[in-house]
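File shown: upload03.cif. Contents: mmCIF, C-alpha atoms and all ligand atoms.
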data_final
loop_
_atom_site.group_PDB
_atom_site.id
_atom_site.type_symbol
_atom_site.label_atom_id
_atom_site.label_comp_id
_atom_site.auth_asym_id
_atom_site.auth_seq_id
_atom_site.Cartn_x
_atom_site.Cartn_y
_atom_site.Cartn_z
ATOM 1 C CA TYR H 200 -51.344 7.355 7.979
ATOM 2 C CA TYR H 201 -54.108 7.480 10.551
ATOM 3 C CA ASN H 202 -57.797 8.042 10.949
ATOM 4 C CA SER H 203 -60.172 8.682 13.836
ATOM 5 C CA ASN H 204 -59.920 5.039 14.991
ATOM 6 C CA THR H 205 -56.130 4.675 14.868
ATOM 7 C CA VAL H 206 -54.436 3.799 18.127
ATOM 8 C CA ILE H 207 -50.775 4.440 18.927
ATOM 9 C CA TYR H 208 -48.528 3.266 21.755
ATOM 10 C CA LEU H 209 -47.277 6.193 23.818
ATOM 11 C CA ASP H 210 -45.161 5.754 26.947
ATOM 12 C CA GLY H 211 -46.792 2.578 28.137
ATOM 13 C CA ARG H 212 -50.365 3.306 27.068
ATOM 14 C CA PHE H 213 -52.464 2.860 23.971
ATOM 15 C CA VAL H 214 -54.106 6.147 22.975
ATOM 16 C CA LYS H 215 -56.025 7.457 19.996
ATOM 17 C CA ALA H 216 -53.622 8.976 17.457
ATOM 18 C CA GLN H 217 -55.788 12.057 17.003
ATOM 19 C CA ASP H 218 -55.879 12.740 20.778
ATOM 20 C CA ALA H 219 -52.165 12.136 21.403
ATOM 21 C CA LYS H 220 -50.105 15.244 22.079
ATOM 22 C CA THR H 221 -46.463 16.138 22.078
ATOM 23 C CA ASP H 222 -44.694 19.192 23.380
ATOM 24 C CA LEU H 223 -43.448 21.864 20.996
ATOM 25 C CA TYR H 224 -40.509 22.810 23.238
ATOM 26 C CA GLY H 225 -38.274 19.782 22.660
ATOM 27 C CA GLN H 226 -34.884 19.047 21.119
ATOM 28 C CA SER H 227 -36.383 16.541 18.702
ATOM 29 C CA LEU H 228 -38.434 19.120 16.841
ATOM 30 C CA HIS H 229 -35.910 21.948 17.119
ATOM 31 C CA TYR H 230 -32.621 20.122 16.591
ATOM 32 C CA GLY H 231 -33.569 16.742 15.075
ATOM 33 C CA LEU H 232 -32.485 14.656 18.064
ATOM 34 C CA ALA H 233 -34.750 11.616 18.004
ATOM 35 C CA ALA H 234 -34.039 7.956 17.258
ATOM 36 C CA PHE H 235 -36.407 5.874 15.204
ATOM 37 C CA GLU H 236 -36.930 2.590 13.389
ATOM 38 C CA GLY H 237 -38.766 1.343 10.332
ATOM 39 C CA ILE H 238 -40.054 -2.213 10.670
ATOM 40 C CA ARG H 239 -42.391 -4.369 8.603
ATOM 41 C CA ALA H 240 -45.012 -6.878 9.600
ATOM 42 C CA TYR H 241 -46.137 -9.476 7.077
ATOM 43 C CA LYS H 242 -49.238 -11.612 6.967
ATOM 44 C CA THR H 243 -47.774 -15.094 6.722
ATOM 45 C CA HIS H 244 -49.515 -18.468 6.778
ATOM 46 C CA ASN H 245 -48.435 -18.496 10.460
ATOM 47 C CA ASP H 246 -50.376 -15.295 11.235
ATOM 48 C CA THR H 247 -48.812 -11.842 11.233
ATOM 49 C CA ARG H 248 -45.062 -11.838 11.877
ATOM 50 C CA ILE H 249 -42.895 -8.792 12.428
ATOM 51 C CA PHE H 250 -39.704 -9.390 10.478
ATOM 52 C CA LYS H 251 -36.460 -9.081 12.508
ATOM 53 C CA ILE H 252 -38.287 -7.189 15.251
ATOM 54 C CA LYS H 253 -35.610 -7.953 17.832
ATOM 55 C CA GLU H 254 -32.848 -6.585 15.578
ATOM 56 C CA HIS H 255 -34.828 -3.389 14.967
ATOM 57 C CA PHE H 256 -35.447 -2.686 18.656
ATOM 58 C CA GLU H 257 -31.809 -3.469 19.417
ATOM 59 C CA ARG H 258 -30.757 -0.915 16.797
ATOM 60 C CA LEU H 259 -33.189 1.611 18.310
ATOM 61 C CA LYS H 260 -31.563 1.122 21.709
ATOM 62 C CA ARG H 261 -28.078 1.370 20.219
ATOM 63 C CA SER H 262 -29.017 4.576 18.332
ATOM 64 C CA CYS H 263 -30.173 6.117 21.635
ATOM 65 C CA GLU H 264 -27.008 5.030 23.422
ATOM 66 C CA LEU H 265 -24.806 6.536 20.718
ATOM 67 C CA VAL H 266 -26.445 9.964 21.019
ATOM 68 C CA ASN H 267 -26.708 9.794 24.830
ATOM 69 C CA MET H 268 -30.475 9.516 24.993
ATOM 70 C CA PRO H 269 -31.836 7.445 27.880
ATOM 71 C CA TYR H 270 -33.527 4.159 26.940
ATOM 72 C CA PRO H 271 -35.482 3.135 30.030
ATOM 73 C CA TRP H 272 -37.464 0.333 28.335
ATOM 74 C CA ASP H 273 -37.243 -3.416 28.084
ATOM 75 C CA ASN H 274 -37.186 -4.451 24.427
ATOM 76 C CA ASN H 275 -39.085 -7.695 25.060
ATOM 77 C CA GLU H 276 -41.917 -5.622 26.519
ATOM 78 C CA LEU H 277 -41.845 -3.206 23.553
ATOM 79 C CA ILE H 278 -41.984 -6.155 21.160
ATOM 80 C CA LYS H 279 -45.043 -7.512 22.973
ATOM 81 C CA GLN H 280 -46.730 -4.099 22.858
ATOM 82 C CA THR H 281 -45.944 -3.735 19.149
ATOM 83 C CA TYR H 282 -47.807 -6.974 18.388
ATOM 84 C CA GLN H 283 -50.670 -5.652 20.517
ATOM 85 C CA LEU H 284 -50.615 -2.367 18.558
ATOM 86 C CA LEU H 285 -51.117 -4.293 15.299
ATOM 87 C CA LYS H 286 -54.025 -6.207 16.838
ATOM 88 C CA LEU H 287 -55.725 -3.049 18.143
ATOM 89 C CA ASN H 288 -55.478 -1.467 14.696
ATOM 90 C CA ASN H 289 -56.458 -4.660 12.921
ATOM 91 C CA LEU H 290 -53.276 -4.538 10.816
ATOM 92 C CA LYS H 291 -51.829 -7.667 9.183
ATOM 93 C CA ASP H 292 -49.348 -6.228 6.666
ATOM 94 C CA ALA H 293 -47.931 -3.067 8.167
ATOM 95 C CA TYR H 294 -45.066 -0.655 8.436
ATOM 96 C CA ILE H 295 -44.182 0.065 12.064
ATOM 97 C CA ARG H 296 -42.501 3.229 13.261
ATOM 98 C CA PRO H 297 -41.155 3.515 16.823
ATOM 99 C CA ILE H 298 -39.584 6.865 17.717
ATOM 100 C CA VAL H 299 -37.773 8.005 20.863
ATOM 101 C CA TYR H 300 -37.897 11.768 21.374
ATOM 102 C CA SER H 301 -37.041 14.305 24.024
ATOM 103 C CA ALA H 302 -39.236 15.786 26.719
ATOM 104 C CA PRO H 303 -39.333 19.626 26.815
ATOM 105 C CA ASN H 304 -35.713 20.774 26.678
ATOM 106 C CA MET H 305 -34.288 23.591 24.569
ATOM 107 C CA THR H 306 -30.650 23.152 25.559
ATOM 108 C CA LEU H 307 -27.935 21.485 23.533
ATOM 109 C CA ILE H 308 -27.289 18.966 26.291
ATOM 110 C CA ALA H 309 -28.493 15.379 25.752
ATOM 111 C CA PRO H 310 -31.929 14.926 27.335
ATOM 112 C CA GLN H 311 -32.576 13.289 30.698
ATOM 113 C CA GLU H 312 -36.156 12.507 29.865
ATOM 114 C CA VAL H 313 -37.532 10.863 26.749
ATOM 115 C CA SER H 314 -40.773 9.479 25.380
ATOM 116 C CA ILE H 315 -41.423 6.568 23.076
ATOM 117 C CA MET H 316 -44.183 6.437 20.512
ATOM 118 C CA ILE H 317 -44.971 3.503 18.234
ATOM 119 C CA CYS H 318 -47.387 3.782 15.349
ATOM 120 C CA ALA H 319 -48.187 1.548 12.391
ATOM 121 C CA TRP H 320 -49.968 1.804 9.074
ATOM 122 C CA GLU H 321 -50.411 -0.100 5.841
ATOM 123 C CA TRP H 322 -47.655 0.873 3.426
ATOM 124 C CA GLY H 323 -46.924 -0.677 0.041
ATOM 125 C CA ALA H 324 -43.372 -1.060 -1.301
ATOM 126 C CA TYR H 325 -41.787 2.327 -0.590
ATOM 127 C CA LEU H 326 -39.984 2.669 -3.938
ATOM 128 C CA GLY H 327 -42.646 0.806 -5.930
ATOM 129 C CA ASP H 328 -41.981 -2.409 -7.821
ATOM 130 C CA LYS H 329 -40.483 -1.073 -11.051
ATOM 131 C CA GLN H 330 -36.754 -0.849 -11.576
ATOM 132 C CA LEU H 331 -35.503 2.571 -10.660
ATOM 133 C CA LYS H 332 -33.889 5.421 -12.516
ATOM 134 C CA VAL H 333 -31.251 6.604 -10.075
ATOM 135 C CA CYS H 334 -28.897 9.583 -10.120
ATOM 136 C CA ILE H 335 -25.741 10.244 -8.188
ATOM 137 C CA SER H 336 -26.668 12.875 -5.662
ATOM 138 C CA PRO H 337 -24.771 16.133 -5.266
ATOM 139 C CA PHE H 338 -25.327 15.574 -1.512
ATOM 140 C CA GLN H 339 -22.848 13.283 0.277
ATOM 141 C CA ARG H 340 -23.873 11.092 3.216
ATOM 142 C CA PRO H 341 -23.040 12.650 6.598
ATOM 143 C CA ASN H 342 -19.376 12.415 7.462
ATOM 144 C CA PRO H 343 -18.811 9.725 10.142
ATOM 145 C CA LYS H 344 -16.552 12.181 11.945
ATOM 146 C CA SER H 345 -19.482 14.632 12.238
ATOM 147 C CA THR H 346 -22.059 12.215 13.612
ATOM 148 C CA PHE H 347 -22.724 8.518 14.267
ATOM 149 C CA VAL H 348 -23.866 7.431 10.823
ATOM 150 C CA GLU H 349 -24.777 3.975 12.140
ATOM 151 C CA ALA H 350 -27.408 5.549 14.422
ATOM 152 C CA LYS H 351 -30.865 6.003 12.912
ATOM 153 C CA ILE H 352 -31.358 9.591 14.047
ATOM 154 C CA SER H 353 -34.078 11.923 12.753
ATOM 155 C CA GLY H 354 -31.712 14.796 11.959
ATOM 156 C CA HIS H 355 -29.744 12.635 9.527
ATOM 157 C CA TYR H 356 -32.817 12.446 7.336
ATOM 158 C CA VAL H 357 -32.576 16.101 6.321
ATOM 159 C CA ASN H 358 -29.726 14.827 4.137
ATOM 160 C CA SER H 359 -31.991 12.075 2.751
ATOM 161 C CA ILE H 360 -34.839 14.492 2.012
ATOM 162 C CA LEU H 361 -32.481 16.882 0.212
ATOM 163 C CA ALA H 362 -31.078 14.053 -1.925
ATOM 164 C CA THR H 363 -34.455 12.518 -2.820
ATOM 165 C CA THR H 364 -36.063 15.874 -3.596
ATOM 166 C CA ASP H 365 -33.123 16.810 -5.817
ATOM 167 C CA ALA H 366 -33.366 13.440 -7.637
ATOM 168 C CA LYS H 367 -37.140 13.801 -8.173
ATOM 169 C CA ASN H 368 -36.753 17.385 -9.392
ATOM 170 C CA LYS H 369 -34.317 16.109 -12.023
ATOM 171 C CA GLY H 370 -36.769 13.410 -13.164
ATOM 172 C CA PHE H 371 -35.167 10.421 -11.384
ATOM 173 C CA ASP H 372 -36.848 8.005 -8.970
ATOM 174 C CA GLU H 373 -34.158 7.944 -6.306
ATOM 175 C CA ALA H 374 -30.734 9.246 -5.333
ATOM 176 C CA LEU H 375 -27.518 7.381 -4.718
ATOM 177 C CA LEU H 376 -25.350 9.182 -2.188
ATOM 178 C CA LEU H 377 -21.573 8.985 -2.082
ATOM 179 C CA ASP H 378 -19.452 9.087 1.056
ATOM 180 C CA MET H 379 -16.978 11.836 1.961
ATOM 181 C CA HIS H 380 -14.336 10.184 -0.258
ATOM 182 C CA GLU H 381 -16.742 10.117 -3.234
ATOM 183 C CA ASN H 382 -17.134 6.346 -3.023
ATOM 184 C CA VAL H 383 -20.519 4.644 -3.200
ATOM 185 C CA ALA H 384 -22.408 4.838 0.114
ATOM 186 C CA GLU H 385 -26.171 4.187 -0.019
ATOM 187 C CA GLY H 386 -29.576 5.458 -1.104
ATOM 188 C CA SER H 387 -31.536 8.000 0.894
ATOM 189 C CA GLY H 388 -33.267 5.172 2.771
ATOM 190 C CA ALA H 389 -31.747 1.930 1.492
ATOM 191 C CA ASN H 390 -28.426 0.123 1.089
ATOM 192 C CA ILE H 391 -26.981 -0.851 -2.281
ATOM 193 C CA PHE H 392 -25.550 -4.030 -3.830
ATOM 194 C CA LEU H 393 -24.025 -4.529 -7.254
ATOM 195 C CA GLU H 394 -23.510 -7.687 -9.264
ATOM 196 C CA LYS H 395 -20.359 -8.322 -11.299
ATOM 197 C CA ASN H 396 -19.381 -11.626 -12.894
ATOM 198 C CA GLY H 397 -21.708 -13.700 -10.737
ATOM 199 C CA LYS H 398 -20.717 -12.126 -7.396
ATOM 200 C CA LEU H 399 -22.351 -9.448 -5.260
ATOM 201 C CA TYR H 400 -20.516 -6.427 -3.858
ATOM 202 C CA THR H 401 -21.681 -3.926 -1.241
ATOM 203 C CA PRO H 402 -19.959 -1.018 0.545
ATOM 204 C CA THR H 403 -18.340 -1.831 3.886
ATOM 205 C CA LEU H 404 -19.874 -0.507 7.111
ATOM 206 C CA GLY H 405 -18.470 2.772 8.408
ATOM 207 C CA ASN H 406 -20.029 5.376 6.144
ATOM 208 C CA ILE H 407 -23.531 3.879 5.929
ATOM 209 C CA LEU H 408 -26.449 2.731 8.041
ATOM 210 C CA ALA H 409 -25.958 -0.916 8.954
ATOM 211 C CA GLY H 410 -29.161 -2.054 7.294
ATOM 212 C CA ILE H 411 -31.003 -5.042 8.676
ATOM 213 C CA THR H 412 -32.082 -5.914 5.126
ATOM 214 C CA ARG H 413 -28.428 -5.645 4.006
ATOM 215 C CA ALA H 414 -27.504 -8.179 6.708
ATOM 216 C CA THR H 415 -30.422 -10.381 5.618
ATOM 217 C CA VAL H 416 -29.256 -10.292 1.983
ATOM 218 C CA ILE H 417 -25.787 -11.386 3.120
ATOM 219 C CA GLU H 418 -27.361 -14.240 5.142
ATOM 220 C CA LEU H 419 -29.504 -15.285 2.172
ATOM 221 C CA CYS H 420 -26.437 -15.324 -0.072
ATOM 222 C CA LYS H 421 -24.752 -17.807 2.278
ATOM 223 C CA VAL H 422 -27.719 -20.118 1.977
ATOM 224 C CA LEU H 423 -27.961 -19.629 -1.783
ATOM 225 C CA ASP H 424 -24.192 -20.063 -2.246
ATOM 226 C CA ILE H 425 -23.687 -16.608 -3.757
ATOM 227 C CA GLU H 426 -20.424 -14.888 -2.928
ATOM 228 C CA VAL H 427 -20.772 -11.418 -1.337
ATOM 229 C CA ILE H 428 -17.804 -9.089 -1.006
ATOM 230 C CA GLU H 429 -17.921 -6.039 1.276
ATOM 231 C CA LYS H 430 -15.492 -3.432 -0.025
ATOM 232 C CA THR H 431 -15.005 0.205 -0.962
ATOM 233 C CA ILE H 432 -16.786 0.718 -4.291
ATOM 234 C CA SER H 433 -16.009 3.550 -6.693
ATOM 235 C CA VAL H 434 -18.594 5.145 -8.981
ATOM 236 C CA GLU H 435 -16.747 3.650 -11.995
ATOM 237 C CA GLU H 436 -17.009 0.150 -10.501
ATOM 238 C CA LEU H 437 -20.713 0.628 -9.908
ATOM 239 C CA LYS H 438 -21.281 1.914 -13.431
ATOM 240 C CA SER H 439 -19.481 -1.096 -14.922
ATOM 241 C CA ALA H 440 -21.569 -3.550 -12.859
ATOM 242 C CA ASP H 441 -23.845 -6.098 -14.538
ATOM 243 C CA SER H 442 -26.795 -5.113 -12.313
ATOM 244 C CA ALA H 443 -27.526 -3.358 -9.030
ATOM 245 C CA PHE H 444 -30.281 -3.120 -6.440
ATOM 246 C CA PHE H 445 -31.352 -1.212 -3.348
ATOM 247 C CA CYS H 446 -32.486 -2.987 -0.195
ATOM 248 C CA GLY H 447 -34.225 -1.773 2.922
ATOM 249 C CA THR H 448 -37.150 -2.550 5.181
ATOM 250 C CA ALA H 449 -39.483 -0.095 3.440
ATOM 251 C CA ALA H 450 -38.118 -0.627 -0.094
ATOM 252 C CA GLU H 451 -37.495 -4.382 0.328
ATOM 253 C CA ILE H 452 -35.394 -5.470 -2.714
ATOM 254 C CA ILE H 453 -35.720 -3.240 -5.758
ATOM 255 C CA GLY H 454 -33.694 -3.293 -8.968
ATOM 256 C CA ILE H 455 -31.866 -0.272 -10.365
ATOM 257 C CA HIS H 456 -32.374 0.189 -14.090
ATOM 258 C CA THR H 457 -30.069 3.122 -14.730
ATOM 259 C CA LEU H 458 -27.514 5.155 -12.834
ATOM 260 C CA ASP H 459 -27.332 8.655 -14.352
ATOM 261 C CA ASP H 460 -27.127 7.738 -18.051
ATOM 262 C CA THR H 461 -25.578 4.290 -17.554
ATOM 263 C CA VAL H 462 -27.945 1.386 -18.248
ATOM 264 C CA PHE H 463 -27.053 -1.858 -16.428
ATOM 265 C CA LYS H 464 -26.552 -4.540 -19.057
ATOM 266 C CA GLN H 465 -28.068 -7.509 -17.255
ATOM 267 C CA ARG H 466 -31.832 -7.976 -17.598
ATOM 268 C CA TRP H 467 -33.273 -7.640 -14.082
ATOM 269 C CA HIS H 468 -35.150 -10.894 -14.474
ATOM 270 C CA ASP H 469 -31.847 -12.779 -14.952
ATOM 271 C CA SER H 470 -29.895 -10.934 -12.250
ATOM 272 C CA ILE H 471 -28.798 -12.176 -8.837
ATOM 273 C CA GLY H 472 -30.869 -9.296 -7.462
ATOM 274 C CA ALA H 473 -34.029 -10.872 -8.863
ATOM 275 C CA THR H 474 -33.106 -14.177 -7.176
ATOM 276 C CA ILE H 475 -32.548 -12.322 -3.892
ATOM 277 C CA GLN H 476 -35.837 -10.450 -4.352
ATOM 278 C CA ARG H 477 -37.734 -13.758 -4.616
ATOM 279 C CA ALA H 478 -35.821 -15.314 -1.719
ATOM 280 C CA TYR H 479 -36.448 -12.249 0.472
ATOM 281 C CA LYS H 480 -40.200 -12.396 -0.215
ATOM 282 C CA ASN H 481 -40.223 -16.099 0.636
ATOM 283 C CA LEU H 482 -38.294 -15.418 3.825
ATOM 284 C CA VAL H 483 -40.480 -12.585 5.159
ATOM 285 C CA LEU H 484 -43.657 -14.449 4.228
ATOM 286 C CA GLU H 485 -42.206 -17.580 5.872
ATOM 287 C CA LYS H 486 -42.812 -19.596 2.715
ATOM 288 C CA VAL H 487 -39.321 -21.027 2.974
ATOM 289 C CA ASN H 488 -37.726 -21.421 6.348
ATOM 290 C CA TYR H 489 -34.225 -20.202 5.467
ATOM 291 C CA GLU H 490 -33.656 -19.266 9.102
ATOM 292 C CA VAL H 491 -33.422 -22.936 10.012
ATOM 293 C CA ILE H 492 -30.603 -23.300 7.511
ATOM 294 C CA ILE H 493 -28.751 -20.121 8.546
HETATM 295 N N1 LIG H 501 -29.768 3.296 4.740
HETATM 296 C C1 LIG H 501 -30.559 4.285 5.179
HETATM 297 C C2 LIG H 501 -30.040 5.673 5.144
HETATM 298 C C3 LIG H 501 -31.846 4.004 5.664
HETATM 299 O O1 LIG H 501 -32.639 4.990 6.092
HETATM 300 C C4 LIG H 501 -32.302 2.673 5.665
HETATM 301 C C5 LIG H 501 -33.679 2.355 6.171
HETATM 302 N N2 LIG H 501 -33.682 2.142 7.560
HETATM 303 C C6 LIG H 501 -31.441 1.671 5.204
HETATM 304 C C7 LIG H 501 -30.176 2.021 4.745
HETATM 305 C C8 LIG H 501 -31.848 0.228 5.221
HETATM 306 O O2 LIG H 501 -31.931 -0.228 6.542
HETATM 307 P P1 LIG H 501 -32.888 -1.423 6.943
HETATM 308 O O3 LIG H 501 -32.591 -2.520 6.009
HETATM 309 O O4 LIG H 501 -32.502 -1.732 8.337
HETATM 310 O O5 LIG H 501 -34.279 -0.937 6.805
#
Re-express the file's structure as structure tokens.
Ligand code: PMP
Amino acid sequence: YYNSNTVIYLDGRFVKAQDAKTDLYGQSLHYGLAAFEGIRAYKTHNDTRIFKIKEHFERLKRSCELVNMPYPWDNNELIKQTYQLLKLNNLKDAYIRPIVYSAPNMTLIAPQEVSIMICAWEWGAYLGDKQLKVCISPFQRPNPKSTFVEAKISGHYVNSILATTDAKNKGFDEALLLDMHENVAEGSGANIFLEKNGKLYTPTLGNILAGITRATVIELCKVLDIEVIEKTISVEELKSADSAFFCGTAAEIIGIHTLDDTVFKQRWHDSIGATIQRAYKNLVLEKVNYEVII
């Protein structure tokens, strides 16, 4: 992720990653209270562009607000500094990780003082480019009455790590997590769509992270005249789908080959997911200016 030349942004300054320090007496390390984002920059013909950067920093702010962490920064300034961070590290295609974490504080009371760190590195497609073998996880997504599931909070990712590790140990590529009612929720770090009879379906918000890629897929479908229905989806409905895919900033759009022992009947190449995958690539690389149409 970093070497001796890597520079990070830390509380208003650019510092060498290997010299940067954090305190070991904070709530973020001990209790998992930190808010973060995962963002991608793409080398387009118009120079490097950070896809949906405004939406990501807005979600970071909202995550902090939900868990009562202060957010004393101006997002326009953070966006400017993030572009500068890419320049200083000579990064064109990059994954960007801002994180807001607590100053020393061992209590269970929301912190008064926080820090922000932003780092970036080159990162290929997180789940690779081959269709995935997915299993239904024995771990459910966090209950929305136990936490704010729409906040991207570090502690929530213990659940994701448990689910992914379990899936890998069983020989699968990724886990699909259900919600507290045993309906389809999302992957450990990506949202899910299924295709049935020429339409796309995706779980409603409420039990999942409101993915920025999920919203982008819905926008793209408007432009491409593909109907998308947000609804509660049972495991049986998912298993009888024609095809399915995960979407997320790190994973981008990636097809699902099998769910447990169910093989989706549609060839990926002919699926709506494959069309969305191509459209998404064109959008982030600014090869087609869909945003003008939206
Ligand atoms: N769900 C979870 C649990 C995630 O961690 C992510 C990645 N942030 C997503 C969905 C997809 O969100 P986005 O498209 O904003 O990256």
(message) Running the PyMOL selection byres (((chain H and resi 338-340) around 12) and not hetatm) on this model by hand, what would come out? Give it as a VMD selection string.
(response) chain H and resid 334 to 337 341 to 349 355 to 366 374 to 388 405 to 408
(request) State, in Å with one decimal place, the distance from atom CA of H:Tyr282 to atom C7 of ligand LIG 501 (chain H). (result) 24.0 Å
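Minimum atom-to-atom distances from H:His456, H:His255, H:Lys421, H:Arg261 to ligand LIG 501 (chain H) were compared using all atoms listed in the file, and the lowest value belongs to H:His255.
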(request) Using only C-alpha atoms and all ligand atoms, pick whichever of H:Ala443, H:Ala389, H:Leu277, H:Leu484 has the shortest atom-to-atom distance to ligand LIG 501 (chain H). (result)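 Of all the options, H:Ala389 lies closest to ligand LIG 501 (chain H).
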(message) When you look at H:Ala440 with a cut-off of 7 Å (counting only C-alpha atoms), what residues show up, excluding the ones that are within fewer than 2 positions of it in the same chain? I need them as a list in words.
(response)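 That gives Leu393, Glu394, Lys395, Glu436, Leu437, Lys438, Ser442 and Phe463 of chain H.
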H:Tyr400: which residues within 6 Å, counting all atoms listed in the file, same-chain residues fewer than 4 positions away excluded, as an mmCIF file with C-alpha atoms, keeping the file's coordinate frame?
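Resulting contents of out-v3.cif:
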data_model
loop_
_atom_site.group_PDB
_atom_site.id
_atom_site.type_symbol
_atom_site.label_atom_id
_atom_site.label_comp_id
_atom_site.auth_asym_id
_atom_site.auth_seq_id
_atom_site.Cartn_x
_atom_site.Cartn_y
_atom_site.Cartn_z
ATOM 1 C CA PHE H 392 -25.550 -4.030 -3.830
ATOM 2 C CA LEU H 393 -24.025 -4.529 -7.254
ATOM 3 C CA VAL H 427 -20.772 -11.418 -1.337
ATOM 4 C CA ILE H 428 -17.804 -9.089 -1.006
ATOM 5 C CA GLU H 429 -17.921 -6.039 1.276
#
(request) Could you state which residues are captured by the PyMOL selection byres (((chain H and resi 298-313) around 9) and not hetatm) in this file, as a ChimeraX atom specification? (result) /H:221-230,232-236,259,263,266-271,296-297,314-318,353
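Residues in contact with H:Gly323 at 10 Å, where only C-alpha atoms are counted and same-chain residues fewer than 4 positions away are skipped, are listed as Asp292, Ala293, Tyr294, Gly327, Asp328, Ala449 and Ala450 of chain H.
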(message) Can you measure atom CA of H:Asn275 to atom CA of H:Leu404 for me? One decimal in Å is fine.
(response)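 Going from atom CA of H:Asn275 over to atom CA of H:Leu404, I get 27.3 Å.
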